[in-house]
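Peer 1: Please find one structure pasted underneath; my questions will follow.
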Amino acid sequence: MDEASLHIDAAPDALYDIVSDLPGMGRLSPENTGATWIKGATGPAVGARFRGGNKHGVMRWWTHGVITKADRPKQIEWDVKESGTRWGYRFEPAGDGTLVTEYREHVKDVNPLIKLVQRSGLIGRQREPLMVEGMKETLQRLKATVEA
């Protein structure tokens, strides 16, 4: 499992609300461009499905996900079909703020075609370290957004 954590001067529920707004995540993530709720979903609830947009350089692609945990204000997570990855955030009260941890783990085998694209360099060389750096950048942007 990969993860990154950062202390942010805001309440857990406020941070949860920002992060669980998957359509708006594009403003925080260096790779994700946002999401659209699909199949009748209107927000972050267990079982809600979404279509996520991503970009890296000139490459653009879509993924499909399902919310697997939505425990406001403690944790939200989702599984991404194409990559077999579970992404999530934990929010732990810490002093006058919150320790926010973004994490990801591979929970299913990846489609061989997707694995080939990941290894090709088309969506970034050294893909695994790139994902960890992206998590750190996302948390920094979240911090800048709420502490401004």
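Identifiers in the structure tokens: chain A, B, ... in order shown; residue index from 1 per chain; ligand index from 1 in order shown.
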Taking a cut-off of 9 Å and counting only C-alpha atoms, can you build a table that, for each residue of segment 78-98 of chain A near segment 60-72 of chain A, reports the nearest atom pair and how far apart they are in Å (one decimal), sorted by chain then residue number, as a Markdown table?
Peer 2:
```
| residue | atom | partner | partner_atom | distance |
| --- | --- | --- | --- | --- |
| A:Trp78 | CA | A:Ile67 | CA | 4.2 |
| A:Asp79 | CA | A:Gly65 | CA | 5.4 |
| A:Val80 | CA | A:Gly65 | CA | 4.4 |
| A:Lys81 | CA | A:His64 | CA | 5.7 |
| A:Glu82 | CA | A:Thr63 | CA | 6.2 |
| A:Ser83 | CA | A:Thr63 | CA | 8.3 |
| A:Arg86 | CA | A:Thr68 | CA | 8.7 |
| A:Gly88 | CA | A:Lys69 | CA | 8.5 |
```
Peer 1: Write the residues of the preceding selection, restricted to C-alpha atoms, as a PDB file, in the first residue's frame.
Peer 2:
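The resulting file, again_1.pdb, is shown below:
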```pdb
ATOM      1  CA  TRP A  78     -13.364   3.660  -3.991  1.00  0.00           C
ATOM      2  CA  ASP A  79     -12.247   0.911  -6.336  1.00  0.00           C
ATOM      3  CA  VAL A  80     -11.179   1.656  -9.905  1.00  0.00           C
ATOM      4  CA  LYS A  81     -12.109  -1.121 -12.308  1.00  0.00           C
ATOM      5  CA  GLU A  82      -9.448  -0.610 -14.976  1.00  0.00           C
ATOM      6  CA  SER A  83      -6.412  -0.431 -12.681  1.00  0.00           C
ATOM      7  CA  ARG A  86      -8.486   1.018  -4.290  1.00  0.00           C
ATOM      8  CA  GLY A  88      -9.062   6.381  -0.299  1.00  0.00           C
TER       9      GLY A  88
END
```
Peer 1: What residues in chain A get the DSSP label strand (DSSP E or B)? Please answer as a ChimeraX atom specification.
Peer 2: /A:2-8,32-38,49-56,59-71,75-80,85-94,97-106
Peer 1: Give me the residues near Lys39 of chain A as a PyMOL selection string, where near means some atom within 8 Å (using only C-alpha atoms) and where sequence neighbours in that chain fewer than 6 positions away do not count.
Peer 2: chain A and resi 48-50
Peer 1: Considering only C-alpha atoms, can you say which of A:Gly97, A:Pro129, A:Gly134, A:Gly57 comes closest to Pro12 of chain A?
Peer 2: A:Gly97
Peer 1: Quick one: everything within 7 Å of Arg104 of chain A, counting only C-alpha atoms, minus sequence neighbours fewer than 6 positions away in the same chain. Send it as a compact mmCIF listing (two decimals) with N, CA and C atoms, in the first residue's frame.
Peer 2:
```txt
# COMPACT_ATOMS: atom_id res chain seq x y z
N MET A 1 0.85 -1.17 0.00
CA MET A 1 0.00 0.00 0.00
C MET A 1 0.89 1.23 0.00
N ASP A 2 0.52 2.21 -0.82
CA ASP A 2 1.19 3.50 -0.84
C ASP A 2 0.31 4.50 -0.11
N GLU A 3 0.93 5.42 0.62
CA GLU A 3 0.14 6.47 1.25
C GLU A 3 0.98 7.71 1.49
N THR A 85 -7.24 -0.83 -8.59
CA THR A 85 -6.70 -0.09 -7.45
C THR A 85 -7.82 0.45 -6.57
N ARG A 86 -7.60 0.37 -5.27
CA ARG A 86 -8.49 1.02 -4.29
C ARG A 86 -7.80 2.30 -3.84
N TRP A 87 -8.52 3.42 -3.96
CA TRP A 87 -8.04 4.72 -3.52
C TRP A 87 -8.87 5.15 -2.32
N GLY A 88 -8.28 5.91 -1.42
CA GLY A 88 -9.06 6.38 -0.30
C GLY A 88 -8.38 7.48 0.48
```
Peer 1: Pick out the closest residue to Ile8 of chain A from this set: A:Val46, A:Met131, A:Val100, A:Val58. Count only C-alpha atoms.
Peer 2: A:Val100
Peer 1: Please provide the set of residues having any atom within 8 Å of Asn32 of chain A, restricted to only C-alpha atoms, with same-chain residues fewer than 2 positions apart removed, written as an mmCIF file with C-alpha atoms, in the first residue's frame.
Peer 2:
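Output (selection-v8.cif):
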```
data_model
loop_
_atom_site.group_PDB
_atom_site.id
_atom_site.type_symbol
_atom_site.label_atom_id
_atom_site.label_comp_id
_atom_site.auth_asym_id
_atom_site.auth_seq_id
_atom_site.Cartn_x
_atom_site.Cartn_y
_atom_site.Cartn_z
ATOM 1 C CA MET A 25 -11.338 16.573 -7.579
ATOM 2 C CA GLY A 26 -9.725 17.867 -10.751
ATOM 3 C CA SER A 29 -5.189 16.313 -8.341
ATOM 4 C CA PRO A 30 -2.275 16.598 -10.780
ATOM 5 C CA GLY A 34 -12.812 15.115 -12.092
ATOM 6 C CA GLY A 52 -13.375 9.471 -13.719
ATOM 7 C CA GLY A 53 -11.278 11.517 -16.105
ATOM 8 C CA ASN A 54 -7.484 11.499 -16.067
ATOM 9 C CA LYS A 55 -4.625 13.111 -17.935
#
```
Peer 1: With distances taken over only C-alpha atoms, which residue among A:Arg27, A:His56, A:Thr42, A:Glu105 lies nearest Arg141 of chain A?
Peer 2: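 With only C-alpha atoms as the atom set, the closest residue is A:Arg27.
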Peer 1: So what do you get for atom CA of Lys108 of chain A versus atom CA of Ile76 of chain A, distance-wise?
Peer 2: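 The value is 18.8 Å.
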Peer 1: Please run DSSP on the backbone and report, as a list in words, all residues within segment 7-96 of chain A that come out as helix (DSSP H, G or I).
Peer 2: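 Here are the helix (DSSP H, G or I) residues of segment 7-96 of chain A: Pro12, Asp13, Ala14, Leu15, Tyr16, Asp17, Ile18, Val19, Leu22, Pro23, Gly24, Met25, Gly26 and Arg27 of chain A.
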Peer 1: Grab the atom CA of Asp21 of chain A to atom CA of Glu92 of chain A distance for me, in Å with one decimal place.
Peer 2: 18.7 Å
Peer 1: Between A:Thr138, A:Gly47, A:Glu128, A:Phe91, which has the minimum distance to His106 of chain A (counting only C-alpha atoms)?
Peer 2: A:Glu128
